[in-house]
>>> print(open('coords03.csv').read())   # CSV, C-alpha atoms
chain,number,residue,atom,x,y,z
A,1105,MET,CA,45.9,30.7,121.1
A,1106,THR,CA,44.8,33.7,119.0
A,1107,ALA,CA,41.1,34.1,118.9
A,1108,PRO,CA,39.5,34.1,115.4
A,1109,GLU,CA,38.5,37.5,113.8
A,1110,HIS,CA,35.0,38.2,112.7
A,1111,GLY,CA,33.2,40.6,110.4
A,1112,GLY,CA,31.5,43.8,111.5
A,1113,ARG,CA,34.5,45.3,113.3
A,1114,LEU,CA,33.7,48.8,112.1
A,1115,ASN,CA,35.5,50.7,114.9
A,1116,ALA,CA,38.8,49.0,113.9
A,1117,ALA,CA,38.1,49.6,110.2
A,1118,ALA,CA,37.4,53.3,110.8
A,1119,LYS,CA,40.7,53.6,112.6
A,1120,ARG,CA,42.8,51.6,110.1
A,1121,TRP,CA,41.6,53.4,107.0
A,1122,ALA,CA,40.9,56.8,108.6
A,1123,ILE,CA,37.2,56.9,107.5
A,1124,PRO,CA,34.5,57.9,110.0
A,1125,ARG,CA,32.3,55.0,111.1
A,1126,ASP,CA,29.1,56.6,109.7
A,1127,ARG,CA,30.6,56.6,106.2
A,1128,TRP,CA,31.1,52.9,105.9
A,1129,LEU,CA,29.0,50.3,104.0
A,1130,ASP,CA,29.4,47.2,106.1
A,1131,LEU,CA,29.0,44.0,104.0
A,1132,SER,CA,31.3,41.9,106.1
A,1133,THR,CA,28.9,40.0,108.3
A,1134,GLY,CA,26.2,38.1,106.2
A,1135,ILE,CA,23.4,39.6,108.3
A,1136,ASN,CA,20.1,40.4,106.7
A,1137,PRO,CA,20.1,44.2,106.2
A,1138,HIS,CA,16.3,44.3,106.6
A,1139,GLY,CA,15.9,42.6,109.9
A,1140,TRP,CA,12.7,41.6,111.7
A,1141,PRO,CA,11.1,44.9,112.9
A,1142,VAL,CA,11.4,44.9,116.7
A,1143,PRO,CA,8.5,46.6,118.4
A,1144,ASP,CA,8.5,48.5,121.7
A,1145,LEU,CA,8.9,46.1,124.6
A,1146,PRO,CA,6.5,46.0,127.6
A,1147,PRO,CA,8.2,47.4,130.7
A,1148,GLU,CA,7.8,44.1,132.6
A,1149,VAL,CA,10.1,42.4,130.1
A,1150,TRP,CA,12.9,44.6,131.5
A,1151,GLN,CA,11.9,44.3,135.1
A,1152,ARG,CA,11.4,40.6,135.7
A,1153,LEU,CA,13.7,37.6,135.5
A,1154,PRO,CA,13.4,35.5,132.4
A,1155,GLU,CA,10.7,32.8,132.7
A,1156,PRO,CA,11.8,29.3,131.4
A,1157,ASP,CA,8.1,28.4,130.7
A,1158,ASP,CA,7.3,31.4,128.5
A,1159,GLY,CA,6.5,29.2,125.4
A,1160,LEU,CA,9.8,29.9,123.6
A,1161,GLU,CA,10.9,26.3,123.4
A,1162,ALA,CA,7.7,25.3,121.7
A,1163,LEU,CA,8.1,28.1,119.1
A,1164,VAL,CA,11.7,26.9,118.5
A,1165,ARG,CA,10.5,23.4,117.8
A,1166,GLN,CA,7.9,24.7,115.4
A,1167,TRP,CA,10.5,26.9,113.7
A,1168,ALA,CA,12.9,24.1,113.3
A,1169,ASP,CA,10.3,21.4,112.5
A,1170,ALA,CA,11.6,19.5,115.4
A,1171,PRO,CA,9.6,16.6,117.0
A,1172,ALA,CA,7.9,16.9,120.4
A,1173,ASP,CA,10.5,14.7,122.1
A,1174,ALA,CA,13.4,16.9,121.0
A,1175,ALA,CA,14.9,18.9,123.9
A,1176,CYS,CA,15.4,22.6,123.3
A,1177,VAL,CA,17.9,24.8,125.1
A,1178,PRO,CA,17.7,28.5,124.4
A,1179,VAL,CA,21.2,30.0,124.3
A,1180,ALA,CA,22.8,33.4,124.0
A,1181,GLY,CA,23.5,32.9,120.3
A,1182,SER,CA,25.1,29.8,118.8
A,1183,GLN,CA,28.4,31.0,120.2
A,1184,GLU,CA,27.4,30.1,123.7
A,1185,ALA,CA,26.8,26.5,122.7
A,1186,ILE,CA,29.9,26.4,120.5
A,1187,MET,CA,32.0,27.3,123.6
A,1188,ALA,CA,30.1,25.0,126.0
A,1189,LEU,CA,29.8,21.8,124.1
A,1190,PRO,CA,33.6,21.1,124.1
A,1191,GLN,CA,33.6,21.2,127.9
A,1192,MET,CA,31.2,18.3,128.0
A,1193,ARG,CA,33.5,15.6,126.5
A,1194,ALA,CA,36.8,14.2,127.6
A,1195,SER,CA,39.7,14.9,125.2
A,1196,CYS,CA,38.9,13.4,121.8
A,1197,ARG,CA,39.3,13.8,118.1
A,1198,VAL,CA,37.0,16.4,116.5
A,1199,GLY,CA,36.5,17.1,112.8
A,1200,VAL,CA,35.6,20.6,111.5
A,1201,PRO,CA,35.2,21.9,108.0
A,1202,ARG,CA,38.0,24.0,106.4
A,1203,PRO,CA,37.2,26.6,105.4
A,1204,GLY,CA,34.5,27.1,107.9
A,1205,TYR,CA,33.4,29.2,110.9
A,1206,ARG,CA,36.6,29.2,112.9
A,1207,GLU,CA,35.1,29.5,116.4
A,1208,HIS,CA,34.2,25.8,116.2
A,1209,GLY,CA,37.8,24.5,115.9
A,1210,HIS,CA,39.1,27.2,118.2
A,1211,SER,CA,36.7,26.3,121.0
A,1212,TRP,CA,37.4,22.5,120.8
A,1213,SER,CA,41.2,23.2,120.6
A,1214,CYS,CA,41.0,25.5,123.7
A,1215,ALA,CA,39.2,22.7,125.6
A,1216,GLY,CA,42.1,20.3,124.9
A,1217,HIS,CA,40.7,18.3,122.0
A,1218,HIS,CA,42.6,17.3,118.9
A,1219,VAL,CA,41.0,19.2,115.9
A,1220,VAL,CA,41.1,17.7,112.4
A,1221,GLY,CA,40.4,20.0,109.4
A,1222,LEU,CA,38.3,18.4,106.7
A,1223,ASP,CA,38.0,19.6,103.1
A,1224,TRP,CA,35.0,19.4,100.9
A,1225,ALA,CA,36.5,16.8,98.5
A,1226,ARG,CA,37.2,14.4,101.3
A,1227,VAL,CA,33.8,14.5,103.0
A,1228,THR,CA,31.7,14.3,99.8
A,1229,GLY,CA,33.5,11.3,98.4
A,1230,GLU,CA,32.1,7.7,98.4
A,1231,ASP,CA,34.6,6.6,101.0
A,1232,GLU,CA,33.4,7.7,104.5
A,1233,SER,CA,35.9,5.7,106.5
A,1234,TRP,CA,37.4,9.0,107.6
A,1235,LEU,CA,34.6,9.2,110.1
A,1236,ASP,CA,36.0,6.3,112.0
A,1237,ASP,CA,39.0,8.4,113.1
A,1238,LEU,CA,36.7,11.0,114.8
A,1239,ASP,CA,34.7,11.1,118.0
A,1240,VAL,CA,32.9,14.3,117.2
A,1241,LEU,CA,32.1,15.9,113.8
A,1242,VAL,CA,31.1,19.5,113.6
A,1243,TRP,CA,29.5,20.5,110.3
A,1244,ILE,CA,28.1,23.8,109.1
A,1245,ASN,CA,25.2,23.5,106.8
A,1246,PRO,CA,25.1,25.7,104.7
A,1247,ASN,CA,28.8,26.3,105.3
A,1248,ASN,CA,30.0,29.7,106.4
A,1249,PRO,CA,31.8,31.2,104.4
A,1250,THR,CA,31.5,29.0,101.3
A,1251,GLY,CA,27.8,28.3,101.2
A,1252,GLU,CA,28.3,24.7,100.3
A,1253,THR,CA,25.6,22.3,101.5
A,1254,ILE,CA,25.3,18.6,102.5
A,1255,GLU,CA,22.0,16.8,102.0
A,1256,PRO,CA,20.3,15.6,105.2
A,1257,GLU,CA,20.5,12.0,104.2
A,1258,ARG,CA,24.3,12.1,104.2
A,1259,LEU,CA,24.4,13.9,107.5
A,1260,LEU,CA,22.1,11.3,109.1
A,1261,ARG,CA,24.4,8.6,107.8
A,1262,TRP,CA,27.3,10.3,109.4
A,1263,HIS,CA,25.4,10.6,112.6
A,1264,GLN,CA,24.6,6.9,112.7
A,1265,ARG,CA,28.2,6.0,112.1
A,1266,LEU,CA,29.4,8.3,114.9
A,1267,GLN,CA,26.6,7.5,117.4
A,1268,HIS,CA,27.3,3.8,117.1
A,1269,ARG,CA,30.6,4.5,119.0
A,1270,GLY,CA,29.1,7.1,121.3
A,1271,GLY,CA,30.2,10.0,119.1
A,1272,TRP,CA,28.4,13.2,118.3
A,1273,LEU,CA,27.4,15.0,115.1
A,1274,ILE,CA,27.0,18.8,115.7
A,1275,VAL,CA,25.3,20.7,112.9
A,1276,ASP,CA,25.5,24.4,112.8
A,1277,GLU,CA,22.4,25.7,110.9
A,1278,ALA,CA,23.0,29.4,111.4
A,1279,PHE,CA,22.3,30.1,107.7
A,1280,VAL,CA,19.7,27.4,107.0
A,1281,ASP,CA,16.6,29.7,107.3
A,1282,GLY,CA,14.8,29.9,104.0
A,1283,CYS,CA,16.2,26.5,103.0
A,1284,PRO,CA,14.2,24.1,105.2
A,1285,GLU,CA,15.0,21.1,103.0
A,1286,LEU,CA,18.6,21.3,104.3
A,1287,SER,CA,17.7,21.3,108.0
A,1288,LEU,CA,18.1,18.3,110.4
A,1289,GLY,CA,15.5,19.8,112.7
A,1290,PHE,CA,13.1,16.9,112.0
A,1291,ALA,CA,15.7,14.4,113.3
A,1292,THR,CA,16.5,16.2,116.6
A,1293,GLY,CA,15.9,14.3,119.8
A,1294,ARG,CA,18.2,11.4,118.7
A,1295,GLU,CA,21.1,10.5,120.9
A,1296,GLY,CA,24.4,12.1,119.7
A,1297,LEU,CA,22.8,14.6,117.3
A,1298,VAL,CA,23.1,18.3,118.2
A,1299,VAL,CA,21.6,21.1,116.0
A,1300,LEU,CA,22.4,24.7,116.5
A,1301,ARG,CA,20.0,27.5,115.4
A,1302,SER,CA,20.3,31.3,115.5
A,1303,VAL,CA,18.2,34.3,114.9
A,1304,GLY,CA,21.2,36.5,114.1
A,1305,LYS,CA,21.5,36.1,110.4
A,1306,PHE,CA,18.2,35.6,108.6
A,1307,PHE,CA,16.2,37.6,111.1
A,1308,GLY,CA,18.9,40.3,111.2
A,1309,LEU,CA,18.9,40.2,115.0
A,1310,ALA,CA,22.6,39.5,115.7
A,1311,GLY,CA,22.7,42.1,118.5
A,1312,VAL,CA,20.1,40.3,120.5
A,1313,ARG,CA,22.4,37.3,121.0
A,1314,ALA,CA,19.8,34.5,120.9
A,1315,GLY,CA,19.6,31.0,119.5
A,1316,ALA,CA,18.8,27.5,120.5
A,1317,VAL,CA,20.2,24.0,120.7
A,1318,LEU,CA,18.0,21.0,119.7
A,1319,THR,CA,19.2,17.6,120.9
A,1320,ALA,CA,18.4,14.6,123.0
A,1321,PRO,CA,17.0,15.2,126.6
A,1322,GLU,CA,20.0,13.9,128.5
A,1323,LEU,CA,22.5,16.0,126.6
A,1324,ALA,CA,20.2,19.0,126.8
A,1325,GLU,CA,20.0,18.7,130.6
A,1326,ARG,CA,23.8,18.6,130.8
A,1327,LEU,CA,24.0,21.7,128.7
A,1328,ARG,CA,21.5,23.5,130.9
A,1329,LYS,CA,23.6,22.8,134.0
A,1330,MET,CA,26.8,23.8,132.1
A,1331,ILE,CA,25.5,27.3,131.1
A,1332,GLY,CA,23.4,28.0,134.1
A,1333,PRO,CA,20.2,30.1,134.4
A,1334,TRP,CA,19.2,33.3,132.6
A,1335,THR,CA,22.0,33.3,130.0
A,1336,VAL,CA,19.3,34.5,127.5
A,1337,SER,CA,17.9,37.8,128.8
A,1338,GLY,CA,14.2,38.4,129.1
A,1339,PRO,CA,14.1,41.0,126.3
A,1340,ALA,CA,16.0,38.6,124.1
A,1341,ARG,CA,13.6,35.7,124.7
A,1342,TYR,CA,10.6,38.0,124.1
A,1343,VAL,CA,11.9,39.4,120.8
A,1344,MET,CA,13.0,35.9,119.7
A,1345,GLY,CA,9.6,34.5,120.4
A,1346,LEU,CA,7.8,37.2,118.4
A,1347,ALA,CA,10.1,36.9,115.5
A,1348,LEU,CA,9.8,33.1,115.3
A,1349,ALA,CA,6.0,33.4,115.4
A,1350,ASP,CA,5.9,35.8,112.5
A,1351,GLU,CA,5.7,33.3,109.7
A,1352,HIS,CA,4.4,35.8,107.2
A,1353,TRP,CA,7.5,37.9,107.6
A,1354,GLN,CA,9.7,34.8,107.2
A,1355,VAL,CA,8.1,33.8,103.9
A,1356,ALA,CA,8.4,37.3,102.5
A,1357,THR,CA,12.0,37.6,103.7
A,1358,THR,CA,13.0,34.3,102.1
A,1359,GLU,CA,11.8,35.7,98.7
A,1360,ARG,CA,13.6,39.0,99.3
A,1361,LEU,CA,16.9,37.4,100.3
A,1362,LEU,CA,16.8,35.0,97.4
A,1363,ALA,CA,16.4,37.8,94.9
A,1364,GLY,CA,19.1,39.8,96.6
A,1365,SER,CA,21.6,36.9,96.6
A,1366,GLN,CA,21.0,36.3,92.9
A,1367,ARG,CA,21.4,40.0,92.2
A,1368,LEU,CA,24.6,40.1,94.1
A,1369,GLY,CA,26.0,37.1,92.2
A,1370,ARG,CA,25.2,38.8,88.9
A,1371,LEU,CA,26.8,42.0,90.1
A,1372,LEU,CA,30.0,40.3,91.1
A,1373,ALA,CA,30.2,38.4,87.8
A,1374,ALA,CA,29.7,41.6,85.9
A,1375,HIS,CA,32.8,43.0,87.5
A,1376,GLY,CA,35.0,40.0,86.9
A,1377,LEU,CA,34.3,38.1,90.1
A,1378,ASP,CA,32.8,35.0,88.5
A,1379,GLY,CA,31.7,31.7,90.1
A,1380,SER,CA,30.5,33.0,93.4
A,1381,GLY,CA,28.6,30.7,95.8
A,1382,GLY,CA,26.9,31.5,99.0
A,1383,THR,CA,23.6,31.5,100.9
A,1384,LEU,CA,20.6,33.8,101.0
A,1385,PRO,CA,22.3,36.6,103.0
A,1386,PHE,CA,25.8,36.5,101.4
A,1387,ARG,CA,28.0,35.6,98.4
A,1388,TYR,CA,31.4,34.0,98.5
A,1389,VAL,CA,34.0,34.1,95.7
A,1390,GLN,CA,37.6,32.9,95.6
A,1391,HIS,CA,40.1,35.2,94.1
A,1392,PRO,CA,44.0,35.1,94.1
A,1393,ARG,CA,44.1,38.8,94.9
A,1394,SER,CA,41.5,38.8,97.5
A,1395,ALA,CA,43.6,40.8,100.0
A,1396,GLU,CA,44.2,43.5,97.5
A,1397,LEU,CA,40.5,43.7,96.5
A,1398,ALA,CA,39.4,43.9,100.2
A,1399,ASP,CA,41.9,46.7,100.8
A,1400,ALA,CA,40.8,48.6,97.6
A,1401,LEU,CA,37.1,48.3,98.7
A,1402,ALA,CA,38.0,49.4,102.2
A,1403,ARG,CA,39.7,52.5,100.9
A,1404,GLN,CA,36.3,53.4,99.4
A,1405,GLY,CA,34.6,52.8,102.7
A,1406,ILE,CA,33.2,49.3,101.9
A,1407,LEU,CA,34.0,46.6,104.4
A,1408,VAL,CA,33.9,42.9,103.2
A,1409,ARG,CA,35.3,39.8,104.8
A,1410,GLN,CA,38.6,38.5,103.4
A,1411,PHE,CA,39.9,35.0,103.8
A,1412,ASP,CA,43.4,33.7,103.2
A,1413,GLN,CA,43.0,29.9,102.9
A,1414,PRO,CA,41.9,29.8,100.2
A,1415,PRO,CA,42.1,33.5,99.1
A,1416,ALA,CA,38.5,34.6,99.0
A,1417,LEU,CA,36.0,37.3,99.7
A,1418,ARG,CA,32.5,37.2,101.3
A,1419,PHE,CA,30.0,39.9,100.5
A,1420,GLY,CA,26.8,40.6,102.5
A,1421,LEU,CA,23.8,42.1,100.8
A,1422,PRO,CA,23.4,45.9,100.4
A,1423,GLY,CA,20.3,47.3,102.1
A,1424,SER,CA,19.2,50.0,99.7
A,1425,GLU,CA,19.4,51.0,96.0
A,1426,ALA,CA,22.0,53.6,96.9
A,1427,GLU,CA,24.2,51.0,98.6
A,1428,TRP,CA,23.8,48.7,95.5
A,1429,GLU,CA,25.0,51.5,93.3
A,1430,ARG,CA,27.8,52.4,95.6
A,1431,LEU,CA,29.0,48.8,95.6
A,1432,SER,CA,28.8,48.6,91.8
A,1433,GLN,CA,30.9,51.7,91.4
A,1434,ALA,CA,33.5,50.6,93.9
A,1435,LEU,CA,33.8,47.2,92.2
A,1436,GLU,CA,34.4,48.9,88.9
A,1437,ALA,CA,37.0,51.1,90.4
A,1438,CYS,CA,38.7,48.1,91.9
A,1439,ARG,CA,38.8,46.2,88.6
A,1440,MET,CA,40.3,49.2,86.8
A,1441,SER,CA,42.9,49.7,89.6
A,1442,LEU,CA,44.0,46.1,89.6
A,1443,THR,CA,44.0,45.8,85.9
A,1444,ASN,CA,46.4,48.8,85.6
A,1445,ARG,CA,48.9,47.4,88.1
>>> encode(input="coords03.csv", output="structure tokens")
Amino acid sequence: MTAPEHGGRLNAAAKRWAIPRDRWLDLSTGINPHGWPVPDLPPEVWQRLPEPDDGLEALVRQWADAPADAACVPVAGSQEAIMALPQMRASCRVGVPRPGYREHGHSWSCAGHHVVGLDWARVTGEDESWLDDLDVLVWINPNNPTGETIEPERLLRWHQRLQHRGGWLIVDEAFVDGCPELSLGFATGREGLVVLRSVGKFFGLAGVRAGAVLTAPELAERLRKMIGPWTVSGPARYVMGLALADEHWQVATTERLLAGSQRLGRLLAAHGLDGSGGTLPFRYVQHPRSAELADALARQGILVRQFDQPPALRFGLPGSEAEWERLSQALEACRMSLTNR
């Protein structure tokens, strides 16, 4: 089974379009371009094994507004949990959003489960009997790449319906930072509810590979045994803890990302890419010629994420005024080029 592709593959882009890596503007990942400022780390962080009682779990609960009885398992990014959770159930039927982050469906399929793709119209209708055909539902809130959101009340209703039969609701909240009203952190600790959090996107710390799973104690203990000790390095735990404790930075960053997302939406509309949706760190727009647009931008050294089903593009936020101007000029050149074809 072919593994899903991801944004940020600059080495491959540099080779394909014969443009040196340092000349690219990478807008393909939806990662905050102004990440949390990582300080120098104390030498002992590198020299000692990670300590499980370093206070990180309490900081995660505070960050996610989780109750004291919610169990927390730090993981090496959401991806570690995405790959581990399918190993913890016998073969069953699993619903995933389409479009959506493809690693979810891929991991459940590779573990021998039957994966059912669910579109937006189906899951947001009044009839929720489709849940009765599933044992596990994975939902991404806000969705990656579309930015669509489901209100917590509906998600909890889904959870109750699934849990009544021993099912799970797994909610991937990788892009929920800055939108606390959408998070199910407050409900974690309940049987059959699993919430995934990550510091990769909002905090701009994708390279540190750190996140957390919030769930009920019994499932958390099974997950700990599955992944084993020290999967999150000492330096990663240290940086994650400092970032989660920096609430002042988080408030300022929410305002900055909101302004950037709105600006990017206006810029896309001004160049003929109307109706974009998205989250704080990215915008998503459907377009019938998305592949041509992505190629035209890449020829100018701008990397965006292109999707086929449906045809669409995802744009991350530029990090400087020079990058905003470069994107604007490239979009205008693309519009002129496609209009003349």
>>> atom_distance(input="coords03.csv", atom1="atom CA of Arg1326 of chain A", atom2="atom CA of Asp1157 of chain A")
18.5 Å
>>> closest_residue(input="coords03.csv", among="A:Leu1300, A:Ala1314, A:Leu1286, A:Leu1421", to="Leu1368 of chain A", atoms="all atoms listed in the file")
A:Leu1421
>>> residues_around(input="coords03.csv", residues="Arg1313 of chain A", least_positions_apart="4", cutoff="12 Å", atoms="only C-alpha atoms", output="number ranges by chain")
A: 1178-1185, 1301-1305, 1307-1309, 1335-1341, 1343-1344
>>> closest_residue(input="coords03.csv", among="A:Met1330, A:Ile1186, A:Leu1145, A:Ala1356", to="Val1275 of chain A", atoms="only C-alpha atoms")
A:Ile1186
>>> closest_residue(input="coords03.csv", among="A:Gly1423, A:Gly1251, A:Pro1171, A:Pro1333", to="Glu1155 of chain A", atoms="only C-alpha atoms")
A:Pro1333
>>> residues_around(input="coords03.csv", residues="Asp1144 of chain A", least_positions_apart="4", cutoff="12 Å", atoms="all atoms listed in the file", output="NGL selection string")
:A and (1148-1150 or 1339 or 1342-1343 or 1346)
>>> closest_residue(input="coords03.csv", among="A:Phe1279, A:Asp1412, A:Glu1427, A:Gly1405", to="Arg1125 of chain A", atoms="only C-alpha atoms")
A:Gly1405
>>> atom_distance(input="coords03.csv", atom1="atom CA of Gly1369 of chain A", atom2="atom CA of Pro1392 of chain A")
18.2 Å
>>> residues_near_point(input="coords03.csv", point="(34.7, 24.0, 132.6)", cutoff="9 Å", atoms="only C-alpha atoms", output="list in words")
Ala1188, Gln1191, Met1192, Ala1215 and Met1330 of chain A
>>> write_last_selection(input="coords03.csv", atoms="C-alpha atoms", output="PDB file, in the coordinates of the input")
ATOM      1  CA  ALA A1188      30.100  25.000 126.000  1.00  0.00           C
ATOM      2  CA  GLN A1191      33.600  21.200 127.900  1.00  0.00           C
ATOM      3  CA  MET A1192      31.200  18.300 128.000  1.00  0.00           C
ATOM      4  CA  ALA A1215      39.200  22.700 125.600  1.00  0.00           C
ATOM      5  CA  MET A1330      26.800  23.800 132.100  1.00  0.00           C
TER       6      MET A1330
END
>>> closest_residue(input="coords03.csv", among="A:Arg1127, A:His1263, A:Arg1294, A:Arg1360", to="Arg1430 of chain A", atoms="only C-alpha atoms")
A:Arg1127
>>> atom_distance(input="coords03.csv", atom1="atom CA of Glu1396 of chain A", atom2="atom CA of His1138 of chain A")
29.4 Å
>>> residues_around(input="coords03.csv", residues="Val1355 of chain A", least_positions_apart="4", cutoff="8 Å", atoms="all atoms listed in the file", output="list in words")
Gly1282, Glu1351 and Glu1359 of chain A
>>> write_last_selection(input="coords03.csv", atoms="C-alpha atoms", output="PDB file, in the coordinates of the input")
ATOM      1  CA  GLY A1282      14.800  29.900 104.000  1.00  0.00           C
ATOM      2  CA  GLU A1351       5.700  33.300 109.700  1.00  0.00           C
ATOM      3  CA  GLU A1359      11.800  35.700  98.700  1.00  0.00           C
TER       4      GLU A1359
END
>>> residues_around(input="coords03.csv", residues="Ala1400 of chain A", least_positions_apart="3", cutoff="10 Å", atoms="all atoms listed in the file", output="tab-separated table (two decimals) with C-alpha atoms, in the coordinates of the input")
chain	number	residue	atom	x	y	z
A	1394	SER	CA	41.50	38.80	97.50
A	1395	ALA	CA	43.60	40.80	100.00
A	1396	GLU	CA	44.20	43.50	97.50
A	1397	LEU	CA	40.50	43.70	96.50
A	1403	ARG	CA	39.70	52.50	100.90
A	1404	GLN	CA	36.30	53.40	99.40
A	1405	GLY	CA	34.60	52.80	102.70
A	1406	ILE	CA	33.20	49.30	101.90
A	1407	LEU	CA	34.00	46.60	104.40
A	1434	ALA	CA	33.50	50.60	93.90
A	1435	LEU	CA	33.80	47.20	92.20
A	1437	ALA	CA	37.00	51.10	90.40
A	1438	CYS	CA	38.70	48.10	91.90
A	1439	ARG	CA	38.80	46.20	88.60
A	1441	SER	CA	42.90	49.70	89.60
A	1442	LEU	CA	44.00	46.10	89.60
>>> residues_near_point(input="coords03.csv", point="(10.2, 22.7, 110.7)", cutoff="12 Å", atoms="all atoms listed in the file", output="PDB file with C-alpha atoms, in the coordinates of the input")
ATOM      1  CA  ALA A1162       7.700  25.300 121.700  1.00  0.00           C
ATOM      2  CA  LEU A1163       8.100  28.100 119.100  1.00  0.00           C
ATOM      3  CA  VAL A1164      11.700  26.900 118.500  1.00  0.00           C
ATOM      4  CA  ARG A1165      10.500  23.400 117.800  1.00  0.00           C
ATOM      5  CA  GLN A1166       7.900  24.700 115.400  1.00  0.00           C
ATOM      6  CA  TRP A1167      10.500  26.900 113.700  1.00  0.00           C
ATOM      7  CA  ALA A1168      12.900  24.100 113.300  1.00  0.00           C
ATOM      8  CA  ASP A1169      10.300  21.400 112.500  1.00  0.00           C
ATOM      9  CA  ALA A1170      11.600  19.500 115.400  1.00  0.00           C
ATOM     10  CA  PRO A1171       9.600  16.600 117.000  1.00  0.00           C
ATOM     11  CA  ALA A1172       7.900  16.900 120.400  1.00  0.00           C
ATOM     12  CA  VAL A1280      19.700  27.400 107.000  1.00  0.00           C
ATOM     13  CA  ASP A1281      16.600  29.700 107.300  1.00  0.00           C
ATOM     14  CA  GLY A1282      14.800  29.900 104.000  1.00  0.00           C
ATOM     15  CA  CYS A1283      16.200  26.500 103.000  1.00  0.00           C
ATOM     16  CA  PRO A1284      14.200  24.100 105.200  1.00  0.00           C
ATOM     17  CA  GLU A1285      15.000  21.100 103.000  1.00  0.00           C
ATOM     18  CA  LEU A1286      18.600  21.300 104.300  1.00  0.00           C
ATOM     19  CA  SER A1287      17.700  21.300 108.000  1.00  0.00           C
ATOM     20  CA  LEU A1288      18.100  18.300 110.400  1.00  0.00           C
ATOM     21  CA  GLY A1289      15.500  19.800 112.700  1.00  0.00           C
ATOM     22  CA  PHE A1290      13.100  16.900 112.000  1.00  0.00           C
ATOM     23  CA  ALA A1291      15.700  14.400 113.300  1.00  0.00           C
ATOM     24  CA  THR A1292      16.500  16.200 116.600  1.00  0.00           C
ATOM     25  CA  ARG A1301      20.000  27.500 115.400  1.00  0.00           C
ATOM     26  CA  LEU A1348       9.800  33.100 115.300  1.00  0.00           C
ATOM     27  CA  GLU A1351       5.700  33.300 109.700  1.00  0.00           C
TER      28      GLU A1351
END
>>> residues_around(input="coords03.csv", residues="segment 1238-1247 of chain A", least_positions_apart="6", cutoff="7 Å", atoms="only C-alpha atoms", output="PDB file with C-alpha atoms, in the frame of the given file")
ATOM      1  CA  CYS A1196      38.900  13.400 121.800  1.00  0.00           C
ATOM      2  CA  ARG A1197      39.300  13.800 118.100  1.00  0.00           C
ATOM      3  CA  VAL A1198      37.000  16.400 116.500  1.00  0.00           C
ATOM      4  CA  GLY A1199      36.500  17.100 112.800  1.00  0.00           C
ATOM      5  CA  VAL A1200      35.600  20.600 111.500  1.00  0.00           C
ATOM      6  CA  PRO A1201      35.200  21.900 108.000  1.00  0.00           C
ATOM      7  CA  GLY A1204      34.500  27.100 107.900  1.00  0.00           C
ATOM      8  CA  THR A1253      25.600  22.300 101.500  1.00  0.00           C
ATOM      9  CA  ILE A1254      25.300  18.600 102.500  1.00  0.00           C
ATOM     10  CA  LEU A1266      29.400   8.300 114.900  1.00  0.00           C
ATOM     11  CA  GLY A1271      30.200  10.000 119.100  1.00  0.00           C
ATOM     12  CA  TRP A1272      28.400  13.200 118.300  1.00  0.00           C
ATOM     13  CA  LEU A1273      27.400  15.000 115.100  1.00  0.00           C
ATOM     14  CA  ILE A1274      27.000  18.800 115.700  1.00  0.00           C
ATOM     15  CA  VAL A1275      25.300  20.700 112.900  1.00  0.00           C
ATOM     16  CA  ASP A1276      25.500  24.400 112.800  1.00  0.00           C
ATOM     17  CA  GLU A1277      22.400  25.700 110.900  1.00  0.00           C
ATOM     18  CA  PHE A1279      22.300  30.100 107.700  1.00  0.00           C
ATOM     19  CA  VAL A1280      19.700  27.400 107.000  1.00  0.00           C
TER      20      VAL A1280
END
>>> build_atoms(input="coords03.csv", residues="segment 1247-1253 of chain A", atoms="N, CA, C and O atoms", output="compact mmCIF listing (two decimals), in the frame of the given file")
# COMPACT_ATOMS: atom_id res chain seq x y z
N ASN A 1247 27.48 25.95 104.69
CA ASN A 1247 28.80 26.30 105.30
C ASN A 1247 28.96 27.83 105.26
O ASN A 1247 28.55 28.53 104.33
N ASN A 1248 29.57 28.30 106.30
CA ASN A 1248 30.00 29.70 106.40
C ASN A 1248 31.54 29.66 106.45
O ASN A 1248 32.10 29.09 107.38
N PRO A 1249 32.22 30.15 105.38
CA PRO A 1249 31.80 31.20 104.40
C PRO A 1249 31.42 30.69 103.02
O PRO A 1249 31.02 31.50 102.20
N THR A 1250 31.59 29.42 102.67
CA THR A 1250 31.50 29.00 101.30
C THR A 1250 30.11 28.86 100.74
O THR A 1250 29.88 28.93 99.53
N GLY A 1251 29.14 28.60 101.62
CA GLY A 1251 27.80 28.30 101.20
C GLY A 1251 27.52 26.92 100.72
O GLY A 1251 26.40 26.59 100.32
N GLU A 1252 28.53 26.05 100.76
CA GLU A 1252 28.30 24.70 100.30
C GLU A 1252 27.40 23.93 101.28
O GLU A 1252 27.35 24.22 102.47
N THR A 1253 26.64 22.98 100.71
CA THR A 1253 25.60 22.30 101.50
C THR A 1253 25.79 20.77 101.38
O THR A 1253 26.29 20.25 100.37
